[in-house]
$ cat work_24.csv   # CSV, C-alpha atoms
chain,number,residue,atom,x,y,z
C,714,MET,CA,0.0,0.0,0.0
C,715,GLN,CA,1.5,3.3,-1.1
C,716,ILE,CA,1.2,6.2,1.3
C,717,ASN,CA,2.2,9.7,0.2
C,718,ILE,CA,4.7,11.7,2.3
C,719,ILE,CA,2.2,14.1,3.8
C,720,SER,CA,-0.3,11.6,4.9
C,721,SER,CA,2.6,9.3,6.2
C,722,LEU,CA,4.0,12.1,8.3
C,723,LYS,CA,0.5,12.9,9.7
C,724,LEU,CA,0.0,9.2,10.6
C,725,GLU,CA,3.4,8.9,12.2
C,726,PHE,CA,2.8,12.0,14.4
C,727,PHE,CA,-0.7,10.8,15.2
C,728,LEU,CA,0.5,7.3,16.3
C,729,ALA,CA,3.5,8.9,18.3
C,730,GLY,CA,1.0,11.0,20.1
C,731,LYS,CA,-1.2,8.0,20.9
C,732,PHE,CA,1.7,5.9,22.1
C,733,SER,CA,3.0,8.6,24.4
C,734,GLY,CA,-0.2,10.4,25.4
C,735,LYS,CA,-2.5,10.2,28.4
C,736,ALA,CA,-4.7,7.5,26.7
C,737,LEU,CA,-1.8,5.1,26.9
C,738,ARG,CA,-2.5,2.1,29.2
C,739,GLY,CA,-0.5,-0.9,30.4
C,740,ALA,CA,3.0,-1.2,31.8
C,741,SER,CA,4.4,1.5,29.4
C,742,LYS,CA,2.3,4.3,31.1
C,743,PRO,CA,4.3,4.4,34.4
C,744,ILE,CA,7.5,3.7,32.4
C,745,ILE,CA,6.9,6.9,30.3
C,746,ARG,CA,6.3,8.9,33.5
C,747,ILE,CA,9.5,7.6,35.0
C,748,ALA,CA,11.4,8.3,31.8
C,749,ILE,CA,10.1,11.9,31.7
C,750,ALA,CA,11.0,12.4,35.4
C,751,ALA,CA,14.5,11.0,34.9
C,752,VAL,CA,15.2,13.2,31.9
C,753,ALA,CA,13.8,16.2,33.8
C,754,LEU,CA,16.0,15.5,36.8
C,755,ALA,CA,19.1,15.0,34.5
C,756,ILE,CA,18.5,18.3,32.7
C,757,ALA,CA,17.9,20.1,36.0
C,758,VAL,CA,21.1,18.7,37.5
C,759,MET,CA,23.1,19.7,34.4
C,760,ILE,CA,21.7,23.2,34.4
C,761,ILE,CA,22.4,23.7,38.1
C,762,ALA,CA,25.9,22.2,37.8
C,763,LEU,CA,26.7,24.4,34.8
C,764,ALA,CA,25.4,27.5,36.6
C,765,ILE,CA,27.3,26.8,39.8
C,766,ILE,CA,30.7,26.0,38.3
C,767,THR,CA,30.4,29.0,35.9
C,768,GLY,CA,29.3,31.2,38.8
C,769,PHE,CA,32.1,30.0,41.0
C,770,GLN,CA,34.7,30.6,38.3
C,771,ASN,CA,33.4,34.1,37.5
C,772,GLU,CA,33.2,35.0,41.2
C,773,ILE,CA,36.8,34.0,42.0
C,774,ARG,CA,38.1,35.4,38.8
C,775,GLU,CA,36.5,38.8,39.3
C,776,LYS,CA,38.0,38.9,42.9
C,777,VAL,CA,41.5,38.3,41.6
C,778,ILE,CA,41.0,40.9,38.8
C,779,GLY,CA,39.7,43.4,41.4
C,780,PHE,CA,43.1,43.4,43.1
C,781,GLY,CA,45.3,43.6,40.0
C,782,GLY,CA,43.4,44.4,36.8
C,783,HIS,CA,43.3,42.3,33.7
C,784,VAL,CA,46.7,43.3,32.4
C,785,GLN,CA,49.6,44.8,34.3
C,786,ILE,CA,52.3,46.9,32.7
C,787,THR,CA,55.5,47.1,34.8
C,788,SER,CA,59.3,47.4,34.3
C,789,PHE,CA,61.0,44.3,33.0
C,790,ASP,CA,63.4,44.5,35.9
C,791,SER,CA,60.7,44.4,38.6
C,792,ASN,CA,60.7,41.3,40.8
C,793,VAL,CA,58.0,39.6,42.9
C,794,SER,CA,58.9,41.3,46.2
C,795,TYR,CA,56.2,44.1,45.9
C,796,GLU,CA,59.0,46.6,45.4
C,797,PRO,CA,58.7,47.5,41.7
C,798,LEU,CA,61.1,49.7,39.9
C,799,PRO,CA,59.5,53.0,38.8
C,800,ILE,CA,58.2,53.7,35.3
C,801,GLU,CA,56.9,56.9,33.9
C,802,ARG,CA,53.2,57.5,34.3
C,803,ASN,CA,52.8,59.5,31.0
C,804,GLN,CA,53.7,56.7,28.6
C,805,PRO,CA,53.1,57.4,24.9
C,806,PHE,CA,50.8,54.4,24.5
C,807,VAL,CA,48.4,55.3,27.4
C,808,SER,CA,46.1,57.5,25.3
C,809,GLU,CA,45.9,54.8,22.6
C,810,LEU,CA,44.8,52.3,25.3
C,811,ILE,CA,42.3,54.7,26.8
C,812,ASN,CA,40.7,55.2,23.4
C,813,ASP,CA,40.6,51.5,22.6
C,814,PRO,CA,36.9,50.3,22.7
C,815,GLU,CA,37.9,47.0,24.3
C,816,VAL,CA,39.6,48.8,27.2
C,817,ARG,CA,37.4,49.8,30.2
C,818,ASN,CA,40.0,51.7,32.2
C,819,VAL,CA,43.7,52.3,32.6
C,820,GLN,CA,44.9,53.1,36.2
C,821,VAL,CA,48.3,53.6,37.9
C,822,PHE,CA,49.5,51.8,41.0
C,823,VAL,CA,52.5,51.1,43.2
C,824,THR,CA,53.0,48.6,46.0
C,825,LYS,CA,55.1,48.7,49.2
C,826,PRO,CA,55.5,46.1,51.9
C,827,GLY,CA,55.1,47.2,55.5
C,828,ILE,CA,54.0,46.3,58.9
C,829,ILE,CA,50.9,47.5,60.7
C,830,ARG,CA,51.3,47.7,64.5
C,831,THR,CA,48.5,48.2,67.0
C,832,GLU,CA,48.4,47.7,70.8
C,833,TYR,CA,47.0,44.2,70.2
C,834,ASP,CA,49.1,42.8,67.4
C,835,ILE,CA,51.4,43.3,64.4
C,836,HIS,CA,50.7,42.2,60.9
C,837,GLY,CA,52.7,42.3,57.7
C,838,VAL,CA,50.8,43.8,54.7
C,839,VAL,CA,51.4,45.2,51.2
C,840,LEU,CA,50.3,48.8,50.8
C,841,LYS,CA,48.9,49.4,47.4
C,842,GLY,CA,48.8,53.0,46.3
C,843,VAL,CA,46.2,54.1,43.8
C,844,ASP,CA,45.3,57.4,42.2
C,845,ARG,CA,42.2,59.3,41.2
C,846,ASP,CA,41.9,57.2,38.0
C,847,PHE,CA,41.3,54.0,40.0
C,848,ASP,CA,38.1,52.1,39.4
C,849,TRP,CA,36.5,51.6,42.8
C,850,SER,CA,33.5,49.5,41.5
C,851,PHE,CA,35.0,46.2,42.8
C,852,PHE,CA,35.8,47.5,46.3
C,853,SER,CA,32.5,49.4,46.6
C,854,GLU,CA,30.7,46.1,46.2
C,855,LYS,CA,32.9,44.4,48.8
C,856,LEU,CA,32.7,47.0,51.5
C,857,ASN,CA,31.5,45.9,54.9
C,858,ALA,CA,31.9,49.3,56.6
C,859,GLY,CA,32.9,52.9,55.8
C,860,THR,CA,33.6,54.2,52.3
C,861,VAL,CA,36.2,53.9,49.6
C,862,LEU,CA,39.0,56.5,49.6
C,863,GLN,CA,38.2,60.0,48.5
C,864,LEU,CA,41.4,61.1,46.8
C,865,MET,CA,42.0,64.8,46.4
C,866,ASP,CA,43.8,66.7,43.6
C,867,THR,CA,46.3,68.5,45.8
C,868,VAL,CA,46.4,67.0,49.3
C,869,ALA,CA,47.5,63.4,49.8
C,870,SER,CA,44.9,61.3,51.8
C,871,HIS,CA,46.1,59.4,54.8
C,872,GLY,CA,43.0,57.1,54.8
C,873,ILE,CA,43.4,53.4,54.1
C,874,LEU,CA,41.1,50.6,53.1
C,875,ILE,CA,41.8,47.4,55.0
C,876,SER,CA,40.2,43.9,54.9
C,877,GLN,CA,37.7,42.5,57.4
C,878,LYS,CA,40.3,39.8,58.2
C,879,GLN,CA,42.9,42.5,59.0
C,880,ALA,CA,40.4,44.4,61.1
C,881,ASN,CA,39.5,41.3,63.1
C,882,LEU,CA,43.2,40.4,63.7
C,883,LEU,CA,44.2,43.9,64.7
C,884,ARG,CA,40.9,44.8,66.3
C,885,LEU,CA,40.4,47.9,64.1
C,886,LYS,CA,37.2,49.7,63.2
C,887,ILE,CA,36.3,52.7,61.1
C,888,GLU,CA,38.1,56.0,62.0
C,889,ASP,CA,40.8,54.1,64.1
C,890,GLU,CA,44.3,55.4,63.6
C,891,VAL,CA,47.1,53.0,62.9
C,892,ARG,CA,50.9,53.2,62.4
C,893,MET,CA,52.6,51.5,59.6
C,894,TYR,CA,56.3,50.8,59.6
C,895,PHE,CA,58.5,50.6,56.4
C,896,ILE,CA,62.2,49.6,56.0
C,897,ILE,CA,63.9,52.0,53.5
C,898,ASP,CA,67.6,52.1,53.1
C,899,ASP,CA,68.1,50.1,56.3
C,900,GLN,CA,66.1,52.7,58.2
C,901,ILE,CA,62.6,52.4,59.7
C,902,ARG,CA,60.1,54.9,58.7
C,903,VAL,CA,56.7,55.4,60.2
C,904,ARG,CA,53.5,56.7,58.7
C,905,LYS,CA,50.1,57.3,60.5
C,906,PHE,CA,46.9,56.3,58.7
C,907,THR,CA,43.2,56.4,59.4
C,908,VAL,CA,40.9,53.5,58.6
C,909,GLU,CA,38.2,54.8,56.2
C,910,GLY,CA,36.8,51.5,54.8
C,911,ILE,CA,36.7,47.8,55.5
C,912,TYR,CA,36.3,45.4,52.7
C,913,GLU,CA,35.9,41.6,52.5
C,914,THR,CA,36.4,39.4,49.4
C,915,GLY,CA,36.8,36.0,51.0
C,916,LEU,CA,40.1,35.4,49.2
C,917,ASP,CA,42.4,34.9,52.2
C,918,GLU,CA,45.5,35.1,50.0
C,919,PHE,CA,44.6,38.7,49.2
C,920,ASP,CA,42.5,39.8,52.2
C,921,LYS,CA,45.4,39.0,54.6
C,922,VAL,CA,47.8,41.1,52.6
C,923,PHE,CA,46.5,44.1,50.7
C,924,VAL,CA,45.8,47.6,52.2
C,925,ILE,CA,44.7,50.3,49.8
C,926,CYS,CA,46.0,53.9,50.1
C,927,ASP,CA,46.8,57.1,48.2
C,928,ILE,CA,49.6,56.5,45.7
C,929,ARG,CA,51.3,59.8,46.8
C,930,ILE,CA,52.1,58.3,50.2
C,931,ILE,CA,54.3,55.6,48.6
C,932,GLN,CA,55.8,57.9,46.1
C,933,ARG,CA,57.1,60.1,48.9
C,934,LEU,CA,58.3,57.1,50.9
C,935,ASN,CA,60.3,56.0,47.8
C,936,THR,CA,61.4,59.6,47.0
C,937,TRP,CA,59.8,59.3,43.6
C,938,SER,CA,58.3,62.1,41.5
C,939,GLU,CA,54.6,62.4,40.9
C,940,ASN,CA,55.2,61.1,37.4
C,941,GLN,CA,56.8,57.9,38.6
C,942,VAL,CA,54.6,54.8,39.4
C,943,GLY,CA,55.0,51.1,40.0
C,944,GLY,CA,53.0,50.2,36.9
C,945,LEU,CA,49.7,50.5,35.1
C,946,GLU,CA,46.7,48.2,35.2
C,947,VAL,CA,44.5,47.7,32.2
C,948,LEU,CA,40.9,46.7,32.7
C,949,VAL,CA,39.2,45.1,29.6
C,950,ARG,CA,35.5,45.0,28.8
C,951,ASN,CA,35.4,41.3,27.8
C,952,TYR,CA,37.3,38.7,29.7
C,953,ASN,CA,37.1,36.3,26.8
C,954,GLN,CA,39.3,38.7,24.8
C,955,LEU,CA,42.0,38.8,27.6
C,956,ASP,CA,44.6,36.7,25.8
C,957,SER,CA,44.3,38.7,22.5
C,958,MET,CA,44.3,42.0,24.5
C,959,THR,CA,47.4,41.0,26.5
C,960,ASP,CA,49.3,40.3,23.2
C,961,LYS,CA,48.1,43.6,21.9
C,962,VAL,CA,49.2,45.5,25.0
C,963,TYR,CA,52.5,43.6,25.0
C,964,LYS,CA,53.3,44.7,21.5
C,965,LEU,CA,52.2,48.3,22.2
C,966,VAL,CA,54.3,49.0,25.3
C,967,GLY,CA,57.7,48.4,23.6
C,968,TYR,CA,60.8,46.5,24.5
C,969,ASP,CA,61.6,48.2,27.9
C,970,LEU,CA,58.3,47.4,29.6
C,971,ASN,CA,56.5,44.1,30.3
C,972,ALA,CA,52.8,43.3,30.0
C,973,GLN,CA,51.3,40.3,31.8
C,974,SER,CA,47.8,39.1,32.1
C,975,VAL,CA,46.2,38.3,35.4
C,976,LYS,CA,46.4,34.6,34.4
C,977,GLU,CA,50.2,34.9,34.1
C,978,ILE,CA,50.6,36.7,37.4
C,979,TYR,CA,48.4,34.2,39.4
C,980,PRO,CA,48.7,31.0,37.4
C,981,GLN,CA,48.0,28.7,40.4
C,982,ILE,CA,44.6,30.3,40.8
C,983,PHE,CA,43.5,30.2,37.2
C,984,ASP,CA,44.9,26.7,36.6
C,985,TRP,CA,42.8,25.6,39.6
C,986,LEU,CA,39.7,27.3,38.2
C,987,LYS,CA,40.3,25.6,34.8
C,988,LEU,CA,40.3,22.2,36.5
C,989,GLN,CA,36.7,22.9,37.5
C,990,ASP,CA,35.7,22.5,33.9
C,991,MET,CA,36.5,18.8,34.2
C,992,ASN,CA,33.9,18.5,37.0
C,993,VAL,CA,31.3,20.0,34.7
C,994,ILE,CA,32.1,17.7,31.9
C,995,ILE,CA,31.9,14.6,34.2
C,996,VAL,CA,28.5,15.7,35.5
C,997,LEU,CA,27.1,16.5,32.0
C,998,VAL,CA,28.3,13.1,30.6
C,999,LEU,CA,26.9,11.1,33.5
C,1000,MET,CA,23.5,12.9,33.4
C,1001,THR,CA,23.3,12.5,29.6
C,1002,LEU,CA,23.9,8.8,30.0
C,1003,VAL,CA,21.2,8.5,32.6
C,1004,ALA,CA,18.7,10.3,30.4
C,1005,ILE,CA,19.6,8.2,27.3
C,1006,ILE,CA,19.6,4.8,29.1
C,1007,THR,CA,16.2,5.7,30.7
C,1008,ILE,CA,14.7,6.7,27.3
C,1009,ILE,CA,16.1,3.6,25.6
C,1010,SER,CA,14.6,1.4,28.3
C,1011,ALA,CA,11.2,3.1,28.0
C,1012,LEU,CA,11.3,2.8,24.2
C,1013,LEU,CA,12.1,-0.9,24.2
C,1014,ILE,CA,9.2,-1.5,26.7
C,1015,ILE,CA,6.8,0.4,24.5
C,1016,ILE,CA,7.9,-1.5,21.4
C,1017,LEU,CA,7.5,-4.8,23.2
C,1018,GLU,CA,4.0,-3.8,24.5
C,1019,LYS,CA,3.0,-2.7,21.0
C,1020,THR,CA,4.2,-5.8,19.2
C,1021,ASN,CA,0.7,-6.7,18.1
C,1022,THR,CA,0.1,-3.2,16.7
C,1023,ILE,CA,3.4,-3.3,14.9
C,1024,GLY,CA,2.5,-6.6,13.3
C,1025,VAL,CA,-0.9,-5.3,12.1
C,1026,PHE,CA,0.8,-2.2,10.5
C,1027,LYS,CA,3.3,-4.4,8.8
C,1028,ALA,CA,0.5,-6.7,7.5
C,1029,LEU,CA,-1.2,-3.6,6.1
C,1030,GLY,CA,2.0,-2.7,4.2
C,1031,TYR,CA,3.5,-0.1,6.5
C,1032,GLU,CA,7.2,-0.1,6.0
C,1033,ASN,CA,9.8,-0.7,8.8
C,1034,ARG,CA,11.3,2.8,8.5
C,1035,ASN,CA,8.0,4.4,8.9
C,1036,ILE,CA,7.2,2.4,12.0
C,1037,ARG,CA,10.7,3.2,13.4
C,1038,LYS,CA,10.0,6.9,12.9
C,1039,VAL,CA,6.9,6.5,15.0
C,1040,PHE,CA,8.8,5.1,18.0
C,1041,VAL,CA,11.7,7.6,17.6
C,1042,LEU,CA,9.0,10.3,17.7
C,1043,VAL,CA,7.6,8.7,20.8
C,1044,ALA,CA,11.1,8.8,22.4
C,1045,ALA,CA,11.6,12.4,21.2
C,1046,THR,CA,8.3,13.4,22.8
C,1047,ILE,CA,9.4,11.9,26.1
C,1048,THR,CA,12.7,13.7,25.8
C,1049,LEU,CA,11.1,17.1,25.0
C,1050,LYS,CA,8.6,16.8,27.9
C,1051,GLY,CA,11.5,15.9,30.3
C,1052,MET,CA,13.6,18.8,29.0
C,1053,PHE,CA,10.7,21.2,29.5
C,1054,TRP,CA,10.2,20.2,33.1
C,1055,GLY,CA,13.9,19.9,33.7
C,1056,ASN,CA,14.6,23.4,32.4
C,1057,LEU,CA,11.7,24.7,34.5
C,1058,LEU,CA,13.0,23.0,37.6
C,1059,GLY,CA,16.7,23.8,37.1
C,1060,LEU,CA,16.2,27.5,36.1
C,1061,THR,CA,13.7,28.0,39.0
C,1062,LEU,CA,16.2,26.7,41.6
C,1063,ALA,CA,19.0,28.7,40.0
C,1064,PHE,CA,17.0,31.9,40.1
C,1065,VAL,CA,16.0,31.4,43.7
C,1066,GLN,CA,19.6,30.7,44.7
C,1067,LYS,CA,20.9,33.7,42.7
C,1068,HIS,CA,18.6,36.2,44.2
C,1069,PHE,CA,18.0,34.9,47.7
C,1070,SER,CA,21.3,33.0,48.4
C,1071,ILE,CA,19.5,30.2,50.3
C,1072,ILE,CA,22.4,27.8,50.3
C,1073,SER,CA,25.3,29.3,52.2
C,1074,LEU,CA,29.0,28.2,52.3
C,1075,ASN,CA,31.9,28.4,54.6
C,1076,GLN,CA,33.8,31.4,53.1
C,1077,GLU,CA,37.1,30.3,54.6
C,1078,SER,CA,36.9,27.0,52.7
C,1079,TYR,CA,35.2,28.1,49.5
C,1080,TYR,CA,36.2,31.8,49.2
C,1081,ILE,CA,32.6,32.7,48.9
C,1082,SER,CA,29.7,33.0,51.4
C,1083,SER,CA,27.0,31.4,49.3
C,1084,VAL,CA,26.6,29.1,46.3
C,1085,PRO,CA,27.3,31.3,43.3
C,1086,ILE,CA,25.0,31.2,40.2
C,1087,ASP,CA,25.7,32.4,36.7
C,1088,ILE,CA,23.0,31.7,34.1
C,1089,ASN,CA,24.5,31.7,30.7
C,1090,TRP,CA,21.6,31.4,28.3
C,1091,LEU,CA,23.8,30.4,25.3
C,1092,LEU,CA,25.4,27.5,27.2
C,1093,ILE,CA,21.9,26.4,28.4
C,1094,LEU,CA,20.6,26.5,24.9
C,1095,LEU,CA,23.6,24.5,23.6
C,1096,LEU,CA,23.1,22.0,26.4
C,1097,ASN,CA,19.5,21.4,25.5
C,1098,LEU,CA,20.3,21.1,21.8
C,1099,CYS,CA,23.1,18.6,22.5
C,1100,VAL,CA,20.9,16.4,24.7
C,1101,LEU,CA,18.1,16.4,22.2
C,1102,VAL,CA,20.3,15.6,19.2
C,1103,ILE,CA,22.4,12.9,21.1
C,1104,SER,CA,19.2,11.3,22.5
C,1105,THR,CA,17.4,11.2,19.1
C,1106,LEU,CA,20.4,9.7,17.3
C,1107,THR,CA,21.0,7.1,20.0
C,1108,LEU,CA,17.4,6.0,19.8
C,1109,ILE,CA,17.8,4.9,16.2
C,1110,VAL,CA,19.6,1.8,17.3
C,1111,PRO,CA,16.9,0.3,19.7
C,1112,SER,CA,14.3,1.2,17.1
C,1113,LEU,CA,15.9,-1.4,14.8
C,1114,VAL,CA,14.3,-4.1,17.0
C,1115,ILE,CA,11.2,-3.3,14.9
C,1116,THR,CA,12.7,-4.8,11.8
C,1117,SER,CA,13.0,-8.2,13.5
C,1118,ILE,CA,9.2,-8.4,14.2
C,1119,THR,CA,7.3,-10.4,11.6
C,1120,PRO,CA,3.6,-9.8,11.0
C,1121,VAL,CA,2.5,-13.5,11.5
C,1122,LYS,CA,4.3,-13.9,14.9
C,1123,ALA,CA,3.4,-10.5,16.1
C,1124,ILE,CA,-0.4,-10.9,15.4
C,1125,ARG,CA,-0.3,-14.3,17.2
C,1126,ILE,CA,1.0,-12.8,20.4
C,1127,GLU,CA,-1.8,-12.3,22.9
$ encode --input "work_24.csv" --output "structure tokens"
Amino acid sequence: MQINIISSLKLEFFLAGKFSGKALRGASKPIIRIAIAAVALAIAVMIIALAIITGFQNEIREKVIGFGGHVQITSFDSNVSYEPLPIERNQPFVSELINDPEVRNVQVFVTKPGIIRTEYDIHGVVLKGVDRDFDWSFFSEKLNAGTVLQLMDTVASHGILISQKQANLLRLKIEDEVRMYFIIDDQIRVRKFTVEGIYETGLDEFDKVFVICDIRIIQRLNTWSENQVGGLEVLVRNYNQLDSMTDKVYKLVGYDLNAQSVKEIYPQIFDWLKLQDMNVIIVLVLMTLVAIITIISALLIIILEKTNTIGVFKALGYENRNIRKVFVLVAATITLKGMFWGNLLGLTLAFVQKHFSIISLNQESYYISSVPIDINWLLILLLNLCVLVISTLTLIVPSLVITSITPVKAIRIE
């Protein structure tokens, strides 16, 4: 019996709807529900895992960048002792960087190791001097008390920004005065500062060390001119362009200066973050396998239960490939229903955590106070497409069981 393409497609979709709809009876009905629930749970777990790992990487990455920018320009002769050699502030390439649409900000800085002493304790720190061009957005978000430094044009500020960890250790609060000691040319120099702000990022490696101050304080300690700085920090708009921007800046600064990305300055942190990608891959693979195995099992059960029906259709002249299409459509319907509920569940949980931070974490262990969430719509779309395509292609194999069913034997089965 010849069936034209349009009527064939209509019949295949009709039968697929019957075999997977509410009217379905027998053992396959609960199996279909279990399959839909399994797919939904797998999709939800994948979305949440992707959102958490991406959020965690972004959160830690932004904290590190907040302390050092995306790209640092320093002297080639500078070492890692936080005592950089001076470079000129007014470099010829600065205006070109500022006008680059991919660059968000260019800011000067200088660092100086010192010791804070109070009546309760002493603590070694790195004083980081910044100027009026400094982007305070990161520290403004991380403030626990006080304000960011208000730097004037003419008078140097003696205010400092310390971390909550330093404040707890030294028992300091806003408007407290502290003395900081520096060793310069084998002599001890003392400077008095006032605590104007207390920040907290959760990164102990940085919170224990960095204190933010006016750059002019360090310039005077080092007997530098106002045009001499420790280096320049370049903030880019798109982190994904970091490598290309680093190469661009490196070529731009010339042979006597060095340009390093934040990934090169702190390789141990970024290598560790990169390892988290493997955790996501493992979760995605395992959950995809769970979904596929469940759908294949459901499909085989439906095929076995509908053996009589398959025999009747074959006896009427319906071809194997058309019958296989029906059952692949059944499985695709189960997959789509599971994906719908899985996306709804996963995105709902992700939104709740993102806006209400219900699940908290030990900040000392995880560097963040709550489970971070970053919803990347493009990644979620690709995830759904991959699951749908892989599931559909995999289901072609079990549907081949239909070709082994003969009309005579199938119709005799009661």
$ closest_atom_pairs --input "work_24.csv" --of "region 824-911 of chain C" --to "region 799-818 of chain C" --cutoff "10 Å" --atoms "all atoms listed in the file" --output "JSON lines"
{"residue": "C:Asp846", "atom": "CA", "partner": "C:Asn818", "partner_atom": "CA", "distance": 8.2}
{"residue": "C:Phe847", "atom": "CA", "partner": "C:Asn818", "partner_atom": "CA", "distance": 8.2}
{"residue": "C:Asp848", "atom": "CA", "partner": "C:Asn818", "partner_atom": "CA", "distance": 7.5}
$ residues_around --input "work_24.csv" --residues "region 895-899 of chain C" --least-positions-apart "3" --cutoff "12 Å" --atoms "all atoms listed in the file" --output "list in words"
Glu796, Thr824, Lys825, Pro826, Gly827, Ile828, Ile829, Arg830, Gly837, Val838, Val839, Leu840, Arg892, Arg902, Val903, Arg904, Lys905, Ile930, Ile931, Arg933, Leu934, Asn935 and Thr936 of chain C
$ closest_residue --input "work_24.csv" --among "C:Thr767, C:Thr1105, C:Ser870, C:Thr1022" --to "Gln989 (chain C)" --atoms "all atoms listed in the file"
C:Thr767
$ residues_near_point --input "work_24.csv" --point "(10.7, 13.7, 32.5)" --cutoff "8 Å" --atoms "all atoms listed in the file" --output "JSON, numbers by chain"
{"C": [746, 747, 748, 749, 750, 751, 752, 753, 754, 1047, 1048, 1050, 1051, 1052, 1054, 1055]}
$ write_last_selection --input "work_24.csv" --atoms "C-alpha atoms" --output "PDB file, in the coordinates of the input"
ATOM      1  CA  ARG C 746       6.300   8.900  33.500  1.00  0.00           C
ATOM      2  CA  ILE C 747       9.500   7.600  35.000  1.00  0.00           C
ATOM      3  CA  ALA C 748      11.400   8.300  31.800  1.00  0.00           C
ATOM      4  CA  ILE C 749      10.100  11.900  31.700  1.00  0.00           C
ATOM      5  CA  ALA C 750      11.000  12.400  35.400  1.00  0.00           C
ATOM      6  CA  ALA C 751      14.500  11.000  34.900  1.00  0.00           C
ATOM      7  CA  VAL C 752      15.200  13.200  31.900  1.00  0.00           C
ATOM      8  CA  ALA C 753      13.800  16.200  33.800  1.00  0.00           C
ATOM      9  CA  LEU C 754      16.000  15.500  36.800  1.00  0.00           C
ATOM     10  CA  ILE C1047       9.400  11.900  26.100  1.00  0.00           C
ATOM     11  CA  THR C1048      12.700  13.700  25.800  1.00  0.00           C
ATOM     12  CA  LYS C1050       8.600  16.800  27.900  1.00  0.00           C
ATOM     13  CA  GLY C1051      11.500  15.900  30.300  1.00  0.00           C
ATOM     14  CA  MET C1052      13.600  18.800  29.000  1.00  0.00           C
ATOM     15  CA  TRP C1054      10.200  20.200  33.100  1.00  0.00           C
ATOM     16  CA  GLY C1055      13.900  19.900  33.700  1.00  0.00           C
TER      17      GLY C1055
END
$ atom_distance --input "work_24.csv" --atom1 "CA of Val891 (chain C)" --atom2 "CA of Pro797 (chain C)"
24.8 Å
$ residues_around --input "work_24.csv" --residues "Leu862 (chain C)" --least-positions-apart "5" --cutoff "10 Å" --atoms "all atoms listed in the file" --output "PyMOL selection string"
chain C and resi 843-845+849+870-874+908-910+925-927
$ atom_distance --input "work_24.csv" --atom1 "CA of His783 (chain C)" --atom2 "CA of Val975 (chain C)"
5.2 Å
$ atom_distance --input "work_24.csv" --atom1 "CA of Phe923 (chain C)" --atom2 "CA of Gln973 (chain C)"
19.9 Å
$ residues_near_point --input "work_24.csv" --point "(44.6, 43.1, 32.9)" --cutoff "8 Å" --atoms "only C-alpha atoms" --output "VMD selection string"
chain C and resid 778 781 to 785 946 to 949 955 959 973 to 975
$ closest_residue --input "work_24.csv" --among "C:Glu1018, C:Asp956, C:Asp1087, C:Glu832" --to "Glu890 (chain C)" --atoms "all atoms listed in the file"
C:Glu832
$ closest_residue --input "work_24.csv" --among "C:Leu1049, C:Ile786, C:Ala1044, C:Ile995" --to "Leu965 (chain C)" --atoms "all atoms listed in the file"
C:Ile786
$ closest_residue --input "work_24.csv" --among "C:Tyr1031, C:Thr787, C:Asn771, C:Lys987" --to "Asp969 (chain C)" --atoms "all atoms listed in the file"
C:Thr787
$ closest_residue --input "work_24.csv" --among "C:Ala880, C:Met865, C:Ile911, C:Val1114" --to "Ile1009 (chain C)" --atoms "all atoms listed in the file"
C:Val1114
